[in-house]
Amino acid sequence: MKPNLGKVLVPLVLFAHISLATPFTYRIDTDTDTPYLKAPVHLSIELNQTDPKPVLLFDFAVRKNRAYRLEQFRTLTDDTPHHTHHRYEYLLYPLREGNISVDFHLLQRLSDDDKIAYFFSGDRDDFKKLETVDSEVKLPSVTLLVRPLPPSTELVGDFKLHHDLSAEKTQAYTPVSLHIALDGEGYPPIVKHPLPSIKGVKIFADKPRIQRRKTAHGIYYRVTYTYALSAAESFTIPQRDFIAFDPRKGRRYTLTLPRTRIVVSPVDAAALVDKHDTPPLLEAPSYRDIFDILGYLLAFAAGWIAALVSPSFAFSRKKRRHDHDPFVEAVKRTKHPKALLSLLLAADNRAFDEAIKALEAHLYDNAPLDFKALKRRLQTITRKDNDA
Amino acid sequence: MHESIRKLLDEIGKAVIGQQEMVEGLLIALLSEGHILIEGVPGLAKTTTVNALSQAMGLDFKRIQFTPDLLPSDITGTQIYNPKTQEFHIKQGPLFANLVLADEINRAPAKVQSALLEAMQEKQITIAEETFVLPDPFMVMATQNPIEQEGVYPLPEAQLDRFMMKLVVHHNSEEEELEIMRKAAKKAFGTVTQAMDADTLAALKKMLDTIHFDSEVERYIVRLVAATRNPAAFDIDLPPDTIRYGASPRASIDLYKAARAKAFLEGKTYVSPATVGLVAHNVLRHRIVLGYEARAKGTSADTIVSTILETVPIP
């Protein structure tokens, strides 16, 4: 296919200043205004700042429409302050015959150097918004008159057909693989039924694999359909014709998948059964299994009874602990004020502050102390503490 | 008790009910130029207490909530570009205050913890080749979440060691909580007025030097700290590898300072072994690193300190 996007032919050109107050010019080009259905139209939009005074930013998009499919082809955005220049290129595939209209969204955003500097002075924790004065600019719509395709056309573009069959002879139920690939430039070559159903053949189909890459002139597609064909007897893959139309050359052509005979030889079905790794048959439950289940039930019952008994057991332990508090016992055992002071310091309890002061005064200031009364008071404090 | 200390406590008492141990801990740290680590559930008047202390002393107070995305410059300060003057100027962070409450310190990554702890130690901060001395007095009160929680970065032992005391804050008593509830409902908490200033605090710090410290009590401190490193030498019967690391010499210094400040707050002219024992848990509990087996058995550093206090002979 000859490239024609670079051709000088520009049937539709819109070039204008929007108004005297607008600081930029625009230019909208299409390579044709009468495309065929699904034939790519090259659409380019150029926005160029002409008044260098303000800082100008653009927010541009082609509005979505079910009447066409849009592919962004190339974008050039130069936001150099005071000299903004944007160029957008799209491939537009019309999906409806007759007149269709392509509309645009353009937001002009005006700012100045001080606001840009303020915006840049922000950081992660102190984000500063760029202040702009936004206004919607109305761009004229592009109108296309879409021509119909020749009847029964399945593919639109310049495509080639490739096919690959893994074997023409096989054994019963041993599948052969078939790859059918359509590649070239044009509307994505996705066909509903590339391989018709064949009587007596089980067809396993994979999802079509779609590859695309941009070329200098358009988008190249390669769509691969993968099948595995399995049958008990010989069969024939029928001929399949794909009717295609190349809109650039205005040529209708046919791609043919040839008729192919696959010879299937029979195999002994008994030989297909796996005799080595067949799992053993399920056996009837043994007495051992029954004893295991009884054991589990017994363990469960023991746990349940223990849970029922435990509250009274815990109560009796609590009561014992109350009567025989180790700290109270330790206080009772102390025979010297220093030993009692060590014990109280170790307890780290503010309830003993007064007792510590009394012991401190006795030990280091020779204050009088009723040691036995102090020990009794400590036992009372400890019991009250435990109750709380 | 010194008159100015009594007035200060009266003013703090207008806003904080109970929590005497926390208030006392704050005053000890303030007098001894230390920092405090606090562990306790939310809602125990930690922020209120520091705020009341700052108002009663006429000091600056800042609170920093530590989060996983915090950066060192968020707390120390950074350079900001002024597009009008086309110059950079330094914006000081919240660490530039007298009292700093670092909330949930172990929520932030190690580099932020490190920046805070370095400022605590050096009492100065360097921003873009310029060094700023932090205000005097400067005290950090840090709270931390239990390490069992998700999304926490535990503080390394070396950094924990820089905190003079670790206070465990408990719930108020029933009577105290009743009073808090009634006052909160009637909005009857008093307004805290200034009762002390930085100059008075400086004078009080000087008075600490007059507190007598007997050599036997000094030796008692060293023995208590040494027992955390080598308990067997003091006939303390602990399973092997219970203590992985004992307290550092910084613990001896802090125990000395804390006991002296506590004696001063109680109006004493000397430090007794009992005073040392009363601050020992707070000074030592975060400096003892337990072994895996001890932790698995549920042994705590407080239990170790209690055993040491019970065993090491009091002079």
# chains A, B, ... in the order shown; residues from 1 in each chain; ligands from 1

$ closest_atom_pairs --of "chain B" --to "chain A" --cutoff "6 Å" --atoms "only C-alpha atoms" --output "Markdown table"
| residue | atom | partner | partner_atom | distance |
| --- | --- | --- | --- | --- |
| B:Gly277 | CA | A:Leu345 | CA | 5.6 |
| B:Ser306 | CA | A:Ala346 | CA | 4.0 |
| B:Leu309 | CA | A:Ala346 | CA | 5.3 |
| B:Glu310 | CA | A:Ser342 | CA | 4.9 |

$ atom_distance --atom1 "atom CA of B:Glu104" --atom2 "atom CA of B:Ser54"
20.2 Å

$ residues_around --residues "B:Glu39" --least-positions-apart "5" --cutoff "6 Å" --atoms "only C-alpha atoms" --output "MDAnalysis selection string"
chainID B and resid 143:144 168

$ write_last_selection --atoms "N, CA and C atoms" --output "PDB file, in the first residue's frame"
ATOM      1  N   THR B 143       5.222   9.897  73.489  1.00  0.00           N
ATOM      2  CA  THR B 143       4.364   8.752  73.804  1.00  0.00           C
ATOM      3  C   THR B 143       4.616   7.695  72.745  1.00  0.00           C
ATOM      4  N   GLN B 144       4.439   6.439  73.111  1.00  0.00           N
ATOM      5  CA  GLN B 144       4.623   5.394  72.100  1.00  0.00           C
ATOM      6  C   GLN B 144       3.532   4.341  72.218  1.00  0.00           C
ATOM      7  N   VAL B 168       4.834   4.993  83.176  1.00  0.00           N
ATOM      8  CA  VAL B 168       3.659   4.214  82.781  1.00  0.00           C
ATOM      9  C   VAL B 168       2.456   4.892  83.420  1.00  0.00           C
TER      10      VAL B 168
END

$ residues_around --residues "stretch 93-110 of chain A" --least-positions-apart "3" --cutoff "10 Å" --atoms "only C-alpha atoms" --output "ChimeraX atom specification"
/A:22-24,33-42,45,54-71,90,131-149,186-187

$ residues_around --residues "A:Leu47" --least-positions-apart "3" --cutoff "10 Å" --atoms "only C-alpha atoms" --output "ChimeraX atom specification"
/A:24-28,50,58,60,77,84-88

$ residues_around --residues "stretch 234-238 of chain B" --least-positions-apart "6" --cutoff "8 Å" --atoms "only C-alpha atoms" --output "list in words"
Ala227, Thr307, Ile308, Thr311 and Val312 of chain B

$ write_last_selection --atoms "N, CA and C atoms" --output "mmCIF file, in the first residue's frame"
data_model
loop_
_atom_site.group_PDB
_atom_site.id
_atom_site.type_symbol
_atom_site.label_atom_id
_atom_site.label_comp_id
_atom_site.auth_asym_id
_atom_site.auth_seq_id
_atom_site.Cartn_x
_atom_site.Cartn_y
_atom_site.Cartn_z
ATOM 1 N N ALA B 227 23.596 -4.319 88.856
ATOM 2 C CA ALA B 227 22.815 -5.554 89.006
ATOM 3 C C ALA B 227 21.994 -5.859 87.756
ATOM 4 N N THR B 307 12.902 -7.149 91.455
ATOM 5 C CA THR B 307 13.765 -8.187 92.041
ATOM 6 C C THR B 307 15.088 -7.578 92.502
ATOM 7 N N ILE B 308 15.623 -6.664 91.662
ATOM 8 C CA ILE B 308 16.905 -6.025 92.012
ATOM 9 C C ILE B 308 16.737 -5.187 93.291
ATOM 10 N N THR B 311 16.606 -7.325 96.302
ATOM 11 C CA THR B 311 17.800 -8.107 96.630
ATOM 12 C C THR B 311 19.017 -7.247 97.019
ATOM 13 N N VAL B 312 19.240 -6.169 96.264
ATOM 14 C CA VAL B 312 20.446 -5.359 96.550
ATOM 15 C C VAL B 312 20.258 -4.689 97.918
#

$ residues_around --residues "B:Leu95" --least-positions-apart "6" --cutoff "9 Å" --atoms "only C-alpha atoms" --output "JSON, numbers by chain"
{"B": [62, 63, 64, 75, 76, 77, 116, 119, 125, 134, 140]}

$ write_last_selection --atoms "C-alpha atoms" --output "PDB file, in the first residue's frame"
ATOM      1  CA  LYS B  62       4.145  22.242  70.521  1.00  0.00           C
ATOM      2  CA  ARG B  63       2.591  18.861  69.773  1.00  0.00           C
ATOM      3  CA  ILE B  64       3.810  16.691  66.898  1.00  0.00           C
ATOM      4  CA  ILE B  75       9.903  18.447  62.599  1.00  0.00           C
ATOM      5  CA  THR B  76      13.256  20.219  62.390  1.00  0.00           C
ATOM      6  CA  GLY B  77      12.417  22.800  59.711  1.00  0.00           C
ATOM      7  CA  LEU B 116      14.208  13.997  67.068  1.00  0.00           C
ATOM      8  CA  ALA B 119      17.924  17.232  68.691  1.00  0.00           C
ATOM      9  CA  ILE B 125      19.396  21.643  64.990  1.00  0.00           C
ATOM     10  CA  LEU B 134      17.085  25.037  70.808  1.00  0.00           C
ATOM     11  CA  VAL B 140      10.490  16.294  74.965  1.00  0.00           C
TER      12      VAL B 140
END

$ select_by_dssp --residues "stretch 110-301 of chain B" --states "helix (DSSP H, G or I)" --output "PyMOL selection string"
chain B and resi 110-122+157-160+174-186+198-210+215-229+231-234+249-265+273-284+292-296+301

$ select_by_dssp --residues "stretch 82-294 of chain A" --states "strand (DSSP E)" --output "count of residues only"
105

$ closest_residue --among "B:Gly298, B:Gly40, B:Gly58, B:Gly25" --to "B:Met165" --atoms "only C-alpha atoms"
B:Gly25

$ atom_distance --atom1 "atom CA of B:Val217" --atom2 "atom CA of B:Pro273"
5.8 Å

$ closest_residue --among "B:Ala294, B:Leu31, B:Val276, B:Val16" --to "B:Lys206" --atoms "only C-alpha atoms"
B:Leu31

$ atom_distance --atom1 "atom CA of A:Arg222" --atom2 "atom CA of A:Ile262"
26.7 Å
